[in-house]
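Novice: My structure is in coords_32.cif, and what it holds is mmCIF, N, CA and C atoms:
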```cif
data_coords
loop_
_atom_site.label_atom_id
_atom_site.label_comp_id
_atom_site.auth_asym_id
_atom_site.auth_seq_id
_atom_site.Cartn_x
_atom_site.Cartn_y
_atom_site.Cartn_z
N MET A 10 14.21 -19.37 -19.49
CA MET A 10 14.90 -19.49 -18.22
C MET A 10 13.94 -19.12 -17.10
N THR A 11 13.96 -19.89 -16.03
CA THR A 11 13.06 -19.62 -14.91
C THR A 11 13.81 -18.91 -13.79
N ASP A 12 13.04 -18.27 -12.93
CA ASP A 12 13.62 -17.58 -11.78
C ASP A 12 13.57 -18.49 -10.56
N THR A 13 14.27 -19.61 -10.60
CA THR A 13 14.32 -20.49 -9.44
C THR A 13 15.46 -20.05 -8.54
N PRO A 14 15.23 -20.07 -7.23
CA PRO A 14 16.31 -19.65 -6.32
C PRO A 14 17.46 -20.65 -6.40
N PRO A 15 18.69 -20.19 -6.13
CA PRO A 15 19.83 -21.09 -6.17
C PRO A 15 19.73 -22.13 -5.06
N THR A 16 20.31 -23.28 -5.29
CA THR A 16 20.34 -24.33 -4.26
C THR A 16 21.20 -23.87 -3.11
N ARG A 17 20.71 -24.04 -1.91
CA ARG A 17 21.49 -23.74 -0.70
C ARG A 17 22.10 -25.06 -0.24
N TRP A 18 23.39 -25.11 -0.06
CA TRP A 18 24.08 -26.35 0.25
C TRP A 18 24.25 -26.56 1.73
N CYS A 19 24.28 -27.81 2.12
CA CYS A 19 24.51 -28.21 3.50
C CYS A 19 25.86 -27.67 3.96
N LEU A 20 25.98 -27.29 5.20
CA LEU A 20 27.20 -26.69 5.73
C LEU A 20 28.06 -27.67 6.52
N SER A 21 27.65 -28.92 6.64
CA SER A 21 28.39 -29.89 7.43
C SER A 21 29.72 -30.27 6.77
N ARG A 22 30.74 -30.50 7.60
CA ARG A 22 32.06 -30.93 7.13
C ARG A 22 32.52 -32.13 7.96
N ARG A 23 33.34 -32.96 7.33
CA ARG A 23 33.97 -34.08 8.04
C ARG A 23 35.39 -34.18 7.52
N ASP A 24 36.36 -34.08 8.42
CA ASP A 24 37.78 -34.09 8.04
C ASP A 24 38.06 -33.09 6.93
N GLY A 25 37.38 -31.96 6.98
CA GLY A 25 37.57 -30.90 5.99
C GLY A 25 36.74 -31.05 4.73
N ALA A 26 36.16 -32.22 4.48
CA ALA A 26 35.32 -32.43 3.29
C ALA A 26 33.95 -31.80 3.54
N VAL A 27 33.42 -31.14 2.55
CA VAL A 27 32.13 -30.46 2.66
C VAL A 27 31.03 -31.36 2.12
N CYS A 28 29.91 -31.44 2.83
CA CYS A 28 28.76 -32.20 2.35
C CYS A 28 28.27 -31.59 1.04
N THR A 29 27.96 -32.43 0.09
CA THR A 29 27.52 -31.95 -1.23
C THR A 29 26.03 -32.19 -1.45
N ARG A 30 25.27 -32.23 -0.37
CA ARG A 30 23.82 -32.35 -0.48
C ARG A 30 23.17 -31.00 -0.18
N ALA A 31 21.93 -30.86 -0.59
CA ALA A 31 21.20 -29.60 -0.36
C ALA A 31 20.93 -29.42 1.13
N ILE A 32 20.86 -28.17 1.58
CA ILE A 32 20.60 -27.88 2.98
C ILE A 32 19.25 -28.48 3.38
N GLY A 33 19.19 -29.02 4.60
CA GLY A 33 17.96 -29.61 5.11
C GLY A 33 17.72 -31.03 4.63
N HIS A 34 18.70 -31.67 4.02
CA HIS A 34 18.52 -33.03 3.50
C HIS A 34 18.28 -34.02 4.64
N ALA A 35 17.64 -35.11 4.32
CA ALA A 35 17.44 -36.21 5.28
C ALA A 35 18.60 -37.19 5.15
N GLY A 36 18.89 -37.89 6.23
CA GLY A 36 19.91 -38.94 6.18
C GLY A 36 21.32 -38.41 6.40
N LEU A 37 22.27 -39.26 6.09
CA LEU A 37 23.68 -38.95 6.32
C LEU A 37 24.20 -37.87 5.39
N HIS A 38 25.20 -37.16 5.86
CA HIS A 38 25.94 -36.22 5.02
C HIS A 38 26.87 -37.05 4.15
N ASN A 39 27.19 -36.55 2.97
CA ASN A 39 28.18 -37.23 2.16
C ASN A 39 28.90 -36.26 1.24
N ARG A 40 30.02 -36.73 0.75
CA ARG A 40 30.82 -35.98 -0.21
C ARG A 40 30.68 -36.70 -1.54
N ALA A 41 30.03 -36.06 -2.52
CA ALA A 41 29.80 -36.69 -3.82
C ALA A 41 31.13 -37.13 -4.43
N GLY A 42 31.11 -38.29 -5.08
CA GLY A 42 32.29 -38.82 -5.73
C GLY A 42 33.22 -39.58 -4.81
N THR A 43 32.84 -39.69 -3.54
CA THR A 43 33.65 -40.45 -2.58
C THR A 43 32.73 -41.37 -1.79
N SER A 44 33.32 -42.22 -0.99
CA SER A 44 32.52 -43.09 -0.12
C SER A 44 32.40 -42.48 1.28
N LEU A 45 32.85 -41.23 1.45
CA LEU A 45 32.81 -40.56 2.74
C LEU A 45 31.38 -40.17 3.11
N MET A 46 30.90 -40.70 4.22
CA MET A 46 29.58 -40.36 4.75
C MET A 46 29.72 -40.14 6.25
N TRP A 47 28.88 -39.26 6.84
CA TRP A 47 28.96 -39.02 8.27
C TRP A 47 27.64 -38.51 8.81
N SER A 48 27.48 -38.67 10.13
CA SER A 48 26.28 -38.19 10.81
C SER A 48 26.58 -36.83 11.45
N ASP A 49 25.54 -36.19 11.98
CA ASP A 49 25.74 -34.91 12.66
C ASP A 49 26.70 -35.07 13.84
N ARG A 50 26.67 -36.19 14.51
CA ARG A 50 27.55 -36.42 15.67
C ARG A 50 29.01 -36.55 15.25
N GLU A 51 29.26 -36.92 14.01
CA GLU A 51 30.62 -37.13 13.53
C GLU A 51 31.21 -35.93 12.78
N GLN A 52 30.42 -34.88 12.60
CA GLN A 52 30.90 -33.75 11.80
C GLN A 52 31.96 -32.95 12.55
N ASP A 53 32.77 -32.23 11.78
CA ASP A 53 33.81 -31.37 12.34
C ASP A 53 33.18 -30.26 13.18
N GLU A 54 33.91 -29.80 14.17
CA GLU A 54 33.53 -28.60 14.89
C GLU A 54 33.63 -27.43 13.91
N PRO A 55 32.89 -26.36 14.14
CA PRO A 55 32.93 -25.25 13.18
C PRO A 55 34.27 -24.52 13.15
N GLY A 56 35.06 -24.57 14.22
CA GLY A 56 36.34 -23.87 14.24
C GLY A 56 37.30 -24.42 13.20
N CYS A 57 37.97 -23.53 12.48
CA CYS A 57 38.88 -23.94 11.41
C CYS A 57 40.25 -24.30 11.97
N ARG A 58 40.83 -25.37 11.45
CA ARG A 58 42.18 -25.79 11.86
C ARG A 58 43.25 -24.83 11.36
N GLY A 59 42.89 -23.93 10.44
CA GLY A 59 43.84 -22.94 9.95
C GLY A 59 44.01 -21.75 10.87
N SER A 60 43.17 -21.63 11.90
CA SER A 60 43.28 -20.52 12.85
C SER A 60 44.69 -20.49 13.45
N GLY A 61 45.28 -19.30 13.49
CA GLY A 61 46.60 -19.14 14.08
C GLY A 61 47.76 -19.31 13.10
N ALA A 62 47.49 -19.77 11.89
CA ALA A 62 48.55 -19.96 10.90
C ALA A 62 49.08 -18.60 10.45
N THR A 63 50.36 -18.55 10.15
CA THR A 63 50.97 -17.33 9.63
C THR A 63 50.45 -17.10 8.20
N ALA A 64 50.13 -15.87 7.88
CA ALA A 64 49.58 -15.56 6.56
C ALA A 64 49.90 -14.12 6.18
N GLN A 65 49.71 -13.82 4.92
CA GLN A 65 49.90 -12.48 4.37
C GLN A 65 48.56 -11.97 3.85
N PRO A 66 48.33 -10.66 3.87
CA PRO A 66 47.10 -10.15 3.27
C PRO A 66 47.00 -10.59 1.81
N ALA A 67 45.81 -10.96 1.39
CA ALA A 67 45.59 -11.39 0.01
C ALA A 67 45.63 -10.18 -0.92
N PRO A 68 46.03 -10.38 -2.17
CA PRO A 68 45.96 -9.28 -3.14
C PRO A 68 44.53 -8.74 -3.21
N ARG A 69 44.42 -7.47 -3.53
CA ARG A 69 43.09 -6.83 -3.57
C ARG A 69 42.61 -6.65 -5.00
N LEU A 70 41.29 -6.75 -5.14
CA LEU A 70 40.65 -6.37 -6.39
C LEU A 70 40.60 -4.84 -6.44
N ASP A 71 40.22 -4.29 -7.58
CA ASP A 71 40.15 -2.83 -7.73
C ASP A 71 39.23 -2.17 -6.71
N ASP A 72 38.18 -2.88 -6.27
CA ASP A 72 37.26 -2.29 -5.28
C ASP A 72 37.72 -2.52 -3.84
N GLY A 73 38.91 -3.12 -3.65
CA GLY A 73 39.46 -3.32 -2.31
C GLY A 73 39.23 -4.69 -1.71
N PHE A 74 38.35 -5.50 -2.30
CA PHE A 74 38.09 -6.84 -1.77
C PHE A 74 39.37 -7.65 -1.83
N PRO A 75 39.75 -8.34 -0.82
CA PRO A 75 39.12 -8.71 0.44
C PRO A 75 39.50 -7.85 1.64
N ALA A 76 39.81 -6.60 1.40
CA ALA A 76 39.99 -5.60 2.47
C ALA A 76 41.06 -5.97 3.48
N GLY A 77 42.20 -6.43 3.02
CA GLY A 77 43.32 -6.71 3.91
C GLY A 77 43.28 -8.06 4.60
N ARG A 78 42.26 -8.83 4.33
CA ARG A 78 42.18 -10.16 4.93
C ARG A 78 43.06 -11.14 4.14
N ALA A 79 43.40 -12.25 4.78
CA ALA A 79 44.21 -13.28 4.15
C ALA A 79 43.34 -14.47 3.79
N LEU A 80 43.76 -15.21 2.79
CA LEU A 80 43.05 -16.43 2.41
C LEU A 80 43.52 -17.57 3.30
N CYS A 81 42.61 -18.18 4.04
CA CYS A 81 42.96 -19.32 4.88
C CYS A 81 43.22 -20.53 3.98
N PRO A 82 44.39 -21.16 4.09
CA PRO A 82 44.70 -22.29 3.22
C PRO A 82 43.90 -23.55 3.56
N VAL A 83 43.27 -23.58 4.71
CA VAL A 83 42.51 -24.77 5.11
C VAL A 83 41.06 -24.68 4.65
N CYS A 84 40.37 -23.57 4.94
CA CYS A 84 38.94 -23.49 4.63
C CYS A 84 38.62 -22.57 3.45
N LEU A 85 39.62 -21.84 2.95
CA LEU A 85 39.47 -20.92 1.82
C LEU A 85 38.55 -19.73 2.12
N GLY A 86 38.44 -19.40 3.39
CA GLY A 86 37.74 -18.18 3.77
C GLY A 86 38.73 -17.02 3.85
N PHE A 87 38.24 -15.80 3.71
CA PHE A 87 39.08 -14.62 3.89
C PHE A 87 38.97 -14.21 5.35
N VAL A 88 40.12 -14.15 6.03
CA VAL A 88 40.16 -14.01 7.49
C VAL A 88 41.05 -12.83 7.87
N ARG A 89 40.62 -12.08 8.89
CA ARG A 89 41.45 -10.99 9.42
C ARG A 89 42.75 -11.55 9.98
N LEU A 90 43.77 -10.70 9.99
CA LEU A 90 45.07 -11.07 10.55
C LEU A 90 45.29 -10.39 11.89
N THR A 91 45.98 -11.08 12.77
CA THR A 91 46.38 -10.46 14.04
C THR A 91 47.54 -9.52 13.77
N ASP A 92 47.93 -8.73 14.76
CA ASP A 92 49.06 -7.82 14.62
C ASP A 92 50.36 -8.58 14.32
N SER A 93 50.42 -9.84 14.73
CA SER A 93 51.64 -10.63 14.50
C SER A 93 51.60 -11.38 13.16
N GLY A 94 50.55 -11.17 12.36
CA GLY A 94 50.47 -11.79 11.04
C GLY A 94 49.93 -13.20 11.03
N ALA A 95 49.11 -13.53 12.01
CA ALA A 95 48.48 -14.85 12.06
C ALA A 95 46.99 -14.72 11.78
N LEU A 96 46.39 -15.77 11.27
CA LEU A 96 44.94 -15.78 11.04
C LEU A 96 44.22 -15.78 12.37
N TRP A 97 43.24 -14.89 12.52
CA TRP A 97 42.41 -14.89 13.71
C TRP A 97 41.72 -16.24 13.84
N ARG A 98 41.33 -16.59 15.04
CA ARG A 98 40.53 -17.79 15.26
C ARG A 98 39.21 -17.58 14.53
N HIS A 99 38.83 -18.54 13.72
CA HIS A 99 37.63 -18.37 12.91
C HIS A 99 36.95 -19.71 12.66
N ASP A 100 35.66 -19.65 12.37
CA ASP A 100 34.93 -20.84 11.95
C ASP A 100 35.32 -21.16 10.52
N ALA A 101 35.31 -22.42 10.17
CA ALA A 101 35.62 -22.82 8.79
C ALA A 101 34.63 -22.15 7.85
N PHE A 102 35.14 -21.67 6.72
CA PHE A 102 34.28 -21.03 5.72
C PHE A 102 33.26 -22.05 5.23
N ARG A 103 32.00 -21.66 5.24
CA ARG A 103 30.92 -22.57 4.85
C ARG A 103 30.03 -21.98 3.78
N GLY A 104 30.54 -21.02 3.06
CA GLY A 104 29.76 -20.43 1.98
C GLY A 104 29.56 -18.94 2.18
N ALA A 105 29.44 -18.24 1.08
CA ALA A 105 29.24 -16.79 1.11
C ALA A 105 27.92 -16.46 1.80
N ARG A 106 27.91 -15.34 2.51
CA ARG A 106 26.71 -14.92 3.23
C ARG A 106 25.75 -14.12 2.37
N SER A 107 26.22 -13.72 1.20
CA SER A 107 25.36 -12.95 0.30
C SER A 107 25.78 -13.21 -1.14
N ASP A 108 24.89 -12.86 -2.06
CA ASP A 108 25.23 -12.98 -3.48
C ASP A 108 26.40 -12.07 -3.83
N ARG A 109 26.43 -10.88 -3.23
CA ARG A 109 27.55 -9.96 -3.50
C ARG A 109 28.87 -10.56 -3.07
N GLU A 110 28.91 -11.13 -1.86
CA GLU A 110 30.15 -11.75 -1.40
C GLU A 110 30.55 -12.91 -2.31
N ALA A 111 29.60 -13.71 -2.73
CA ALA A 111 29.89 -14.82 -3.63
C ALA A 111 30.47 -14.31 -4.95
N SER A 112 29.93 -13.22 -5.45
CA SER A 112 30.41 -12.62 -6.69
C SER A 112 31.83 -12.09 -6.52
N ARG A 113 32.11 -11.41 -5.40
CA ARG A 113 33.45 -10.87 -5.14
C ARG A 113 34.46 -12.00 -4.99
N ARG A 114 34.07 -13.07 -4.29
CA ARG A 114 34.97 -14.23 -4.14
C ARG A 114 35.28 -14.84 -5.51
N ALA A 115 34.25 -15.00 -6.34
CA ALA A 115 34.46 -15.57 -7.68
C ALA A 115 35.39 -14.68 -8.49
N ASP A 116 35.18 -13.38 -8.44
CA ASP A 116 36.05 -12.45 -9.16
C ASP A 116 37.48 -12.55 -8.65
N TRP A 117 37.65 -12.67 -7.34
CA TRP A 117 38.99 -12.75 -6.75
C TRP A 117 39.69 -14.03 -7.21
N PHE A 118 39.01 -15.17 -7.11
CA PHE A 118 39.64 -16.43 -7.53
C PHE A 118 39.92 -16.44 -9.03
N ASN A 119 39.07 -15.81 -9.81
CA ASN A 119 39.34 -15.71 -11.26
C ASN A 119 40.56 -14.83 -11.54
N ALA A 120 40.75 -13.80 -10.71
CA ALA A 120 41.88 -12.89 -10.92
C ALA A 120 43.19 -13.44 -10.36
N PHE A 121 43.12 -14.11 -9.21
CA PHE A 121 44.35 -14.50 -8.51
C PHE A 121 44.53 -16.01 -8.36
N GLY A 122 43.50 -16.78 -8.63
CA GLY A 122 43.61 -18.24 -8.51
C GLY A 122 43.66 -18.69 -7.07
N TRP A 123 43.95 -19.95 -6.89
CA TRP A 123 43.96 -20.56 -5.55
C TRP A 123 45.22 -20.20 -4.77
N GLU A 124 46.25 -19.75 -5.45
CA GLU A 124 47.51 -19.45 -4.77
C GLU A 124 47.59 -18.02 -4.29
N GLY A 125 46.64 -17.13 -4.73
CA GLY A 125 46.59 -15.73 -4.39
C GLY A 125 47.43 -15.34 -3.26
#
```
Would you kindly transcribe this structure into C-alpha cells?
Specialist:
Amino acid sequence: MTDTPPTRWCLSRRDGAVCTRAIGHAGLHNRAGTSLMWSDREQDEPGCRGSGATAQPAPRLDDGFPAGRALCPVCLGFVRLTDSGALWRHDAFRGARSDREASRRADWFNAFGWEG
C-alpha cells in the first residue's frame, strides 16, 4: 500500500448536484452517471437553500459530535440552530475541512443514517 494523499474533489454544484471531478480539473464540471454538465458561470451560489428551515438538533455521538447542530436536509452539513429552531444561513456543505471531521461525519452517518 502506498501513502498517496486522498483525492480532493471539486466543490462546484449545479441544482444541488456536486461535481464528481478532482479539484482543479480542466473543462466543464459534471456529475458522474448523468448528462448534467455546467460551467463556472452556471454553478450554484454557495449559500444553501436549506438555510432558515425548521430543524431539530441531531443525535450526538458519545464524544458529543455534532455538538447540538442539526443536519441540513438539503446539503447534509451540520448547521447551528437559531433560538427559534431554524437552520442558520449557511453555505452548502462542500466537504469536511479535516480528516477528523470526515471521520466524525462517517461515524455519525453509520450510527444514525441519513434520517438522523
Novice: Atom N of Phe87 (chain A) and CA of Arg22 (chain A), how far apart in Å?
Specialist: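 We find that CA of Arg22 (chain A) and atom N of Phe87 (chain A) lie 16.7 Å from each other.
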Novice: Which residues would end up in the selection if the PyMOL selection byres ((chain A and resi 25) around 8) were applied here, given that I need the answer as an MDAnalysis selection string?
Specialist: chainID A and resid 21:24 26:28 52:53 83:84
Novice: Chain A: which residues are strand (DSSP E) by DSSP, as a count of residues only?
Specialist: 12
Novice: So that I can check the surroundings of His38 (chain A), please list as a ChimeraX atom specification every protein, DNA and RNA residue that reaches within 8 Å of it, counting only C-alpha atoms and ignoring chain neighbours fewer than 2 positions away.
Specialist: /A:21,28-30,36,40,46-49
Novice: From chain A, collect each residue whose DSSP state is alpha helix (DSSP H) and return the set as a list in words.
Specialist: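 The alpha helix (DSSP H) subset of chain A is Asp108, Arg109, Glu110, Ala111, Ser112, Arg113, Arg114, Ala115, Asp116, Trp117, Phe118, Asn119, Ala120 and Phe121 of chain A.
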Novice: Quick one: residues within 6.5 Å of region 59-72 of chain A, all atoms listed in the file counted, chain neighbours fewer than 6 positions away excluded, as a list of chain:residue names?
Specialist: A:Arg78, A:Ala79, A:Leu80, A:Cys81, A:Pro82, A:Val83, A:Cys84, A:Gly94, A:Ala95, A:Leu96, A:Trp97, A:Arg98, A:His99, A:Gly125
Novice: Which residue out of A:Leu85, A:Ala31, A:Ala115, A:Cys57 has the minimum interatomic distance to Asp100 (chain A) when only C-alpha atoms are used?
Specialist: A:Cys57
Novice: Hey, which of A:Gly73, A:Ala101, A:Gly33, A:Glu110 ends up closest to Trp18 (chain A)? Count only C-alpha atoms.
Specialist: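 Of the candidates, the smallest distance to Trp18 (chain A) is held by A:Gly33.
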Novice: Put the listed atoms of region 85-99 of chain A in a box along x, y and z with 3 Å added on every side and give me the centre and edge lengths in Å to one decimal, as JSON.
Specialist:
```
{"center_x": 44.3, "center_y": -14.8, "center_z": 8.5, "size_x": 20.7, "size_y": 20.0, "size_z": 19.4}
```
Novice: Quick one: pull the distance between atom C of Ala111 (chain A) and CA of Thr91 (chain A), Å, one decimal.
Specialist: 25.1 Å
Novice: Between CA of Arg106 (chain A) and CA of Asn39 (chain A), what is the distance in Å, rounded to a tenth?
Specialist: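 Computed distance, CA of Arg106 (chain A) to CA of Asn39 (chain A), equals 22.4 Å.
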Novice: For each of A:Leu20, A:Gly42, A:Pro75, A:Leu90, take the minimum atom-to-atom distance to Arg103 (chain A), counting all atoms listed in the file, then give the residue where this is smallest.
Specialist: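 Selected residue with least distance to Arg103 (chain A): A:Leu20.
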Novice: Write region 62-74 of chain A as a PDB file, in the coordinates of the input, completed to N, CA, C and O atoms.
Specialist:
```pdb
ATOM      1  N   ALA A  62      47.490 -19.770  11.890  1.00  0.00           N
ATOM      2  CA  ALA A  62      48.550 -19.960  10.900  1.00  0.00           C
ATOM      3  C   ALA A  62      49.080 -18.600  10.450  1.00  0.00           C
ATOM      4  O   ALA A  62      48.351 -17.619  10.380  1.00  0.00           O
ATOM      5  N   THR A  63      50.360 -18.550  10.150  1.00  0.00           N
ATOM      6  CA  THR A  63      50.970 -17.330   9.630  1.00  0.00           C
ATOM      7  C   THR A  63      50.450 -17.100   8.200  1.00  0.00           C
ATOM      8  O   THR A  63      50.354 -18.045   7.425  1.00  0.00           O
ATOM      9  N   ALA A  64      50.130 -15.870   7.880  1.00  0.00           N
ATOM     10  CA  ALA A  64      49.580 -15.560   6.560  1.00  0.00           C
ATOM     11  C   ALA A  64      49.900 -14.120   6.180  1.00  0.00           C
ATOM     12  O   ALA A  64      50.298 -13.316   7.025  1.00  0.00           O
ATOM     13  N   GLN A  65      49.710 -13.820   4.920  1.00  0.00           N
ATOM     14  CA  GLN A  65      49.900 -12.480   4.370  1.00  0.00           C
ATOM     15  C   GLN A  65      48.560 -11.970   3.850  1.00  0.00           C
ATOM     16  O   GLN A  65      47.733 -12.776   3.404  1.00  0.00           O
ATOM     17  N   PRO A  66      48.330 -10.660   3.870  1.00  0.00           N
ATOM     18  CA  PRO A  66      47.100 -10.150   3.270  1.00  0.00           C
ATOM     19  C   PRO A  66      47.000 -10.590   1.810  1.00  0.00           C
ATOM     20  O   PRO A  66      47.993 -10.616   1.087  1.00  0.00           O
ATOM     21  N   ALA A  67      45.810 -10.960   1.390  1.00  0.00           N
ATOM     22  CA  ALA A  67      45.590 -11.390   0.010  1.00  0.00           C
ATOM     23  C   ALA A  67      45.630 -10.180  -0.920  1.00  0.00           C
ATOM     24  O   ALA A  67      45.288  -9.062  -0.510  1.00  0.00           O
ATOM     25  N   PRO A  68      46.030 -10.380  -2.170  1.00  0.00           N
ATOM     26  CA  PRO A  68      45.960  -9.280  -3.140  1.00  0.00           C
ATOM     27  C   PRO A  68      44.530  -8.740  -3.210  1.00  0.00           C
ATOM     28  O   PRO A  68      43.572  -9.492  -3.001  1.00  0.00           O
ATOM     29  N   ARG A  69      44.420  -7.470  -3.530  1.00  0.00           N
ATOM     30  CA  ARG A  69      43.090  -6.830  -3.570  1.00  0.00           C
ATOM     31  C   ARG A  69      42.610  -6.650  -5.000  1.00  0.00           C
ATOM     32  O   ARG A  69      43.388  -6.384  -5.889  1.00  0.00           O
ATOM     33  N   LEU A  70      41.290  -6.750  -5.140  1.00  0.00           N
ATOM     34  CA  LEU A  70      40.650  -6.370  -6.390  1.00  0.00           C
ATOM     35  C   LEU A  70      40.600  -4.840  -6.440  1.00  0.00           C
ATOM     36  O   LEU A  70      40.865  -4.168  -5.448  1.00  0.00           O
ATOM     37  N   ASP A  71      40.220  -4.290  -7.580  1.00  0.00           N
ATOM     38  CA  ASP A  71      40.150  -2.830  -7.730  1.00  0.00           C
ATOM     39  C   ASP A  71      39.230  -2.170  -6.710  1.00  0.00           C
ATOM     40  O   ASP A  71      39.477  -1.036  -6.296  1.00  0.00           O
ATOM     41  N   ASP A  72      38.180  -2.880  -6.270  1.00  0.00           N
ATOM     42  CA  ASP A  72      37.260  -2.290  -5.280  1.00  0.00           C
ATOM     43  C   ASP A  72      37.720  -2.520  -3.840  1.00  0.00           C
ATOM     44  O   ASP A  72      37.029  -2.164  -2.898  1.00  0.00           O
ATOM     45  N   GLY A  73      38.910  -3.120  -3.650  1.00  0.00           N
ATOM     46  CA  GLY A  73      39.460  -3.320  -2.310  1.00  0.00           C
ATOM     47  C   GLY A  73      39.230  -4.690  -1.710  1.00  0.00           C
ATOM     48  O   GLY A  73      39.809  -5.031  -0.686  1.00  0.00           O
ATOM     49  N   PHE A  74      38.350  -5.500  -2.300  1.00  0.00           N
ATOM     50  CA  PHE A  74      38.090  -6.840  -1.770  1.00  0.00           C
ATOM     51  C   PHE A  74      39.370  -7.650  -1.830  1.00  0.00           C
ATOM     52  O   PHE A  74      40.055  -7.615  -2.843  1.00  0.00           O
TER      53      PHE A  74
END
```
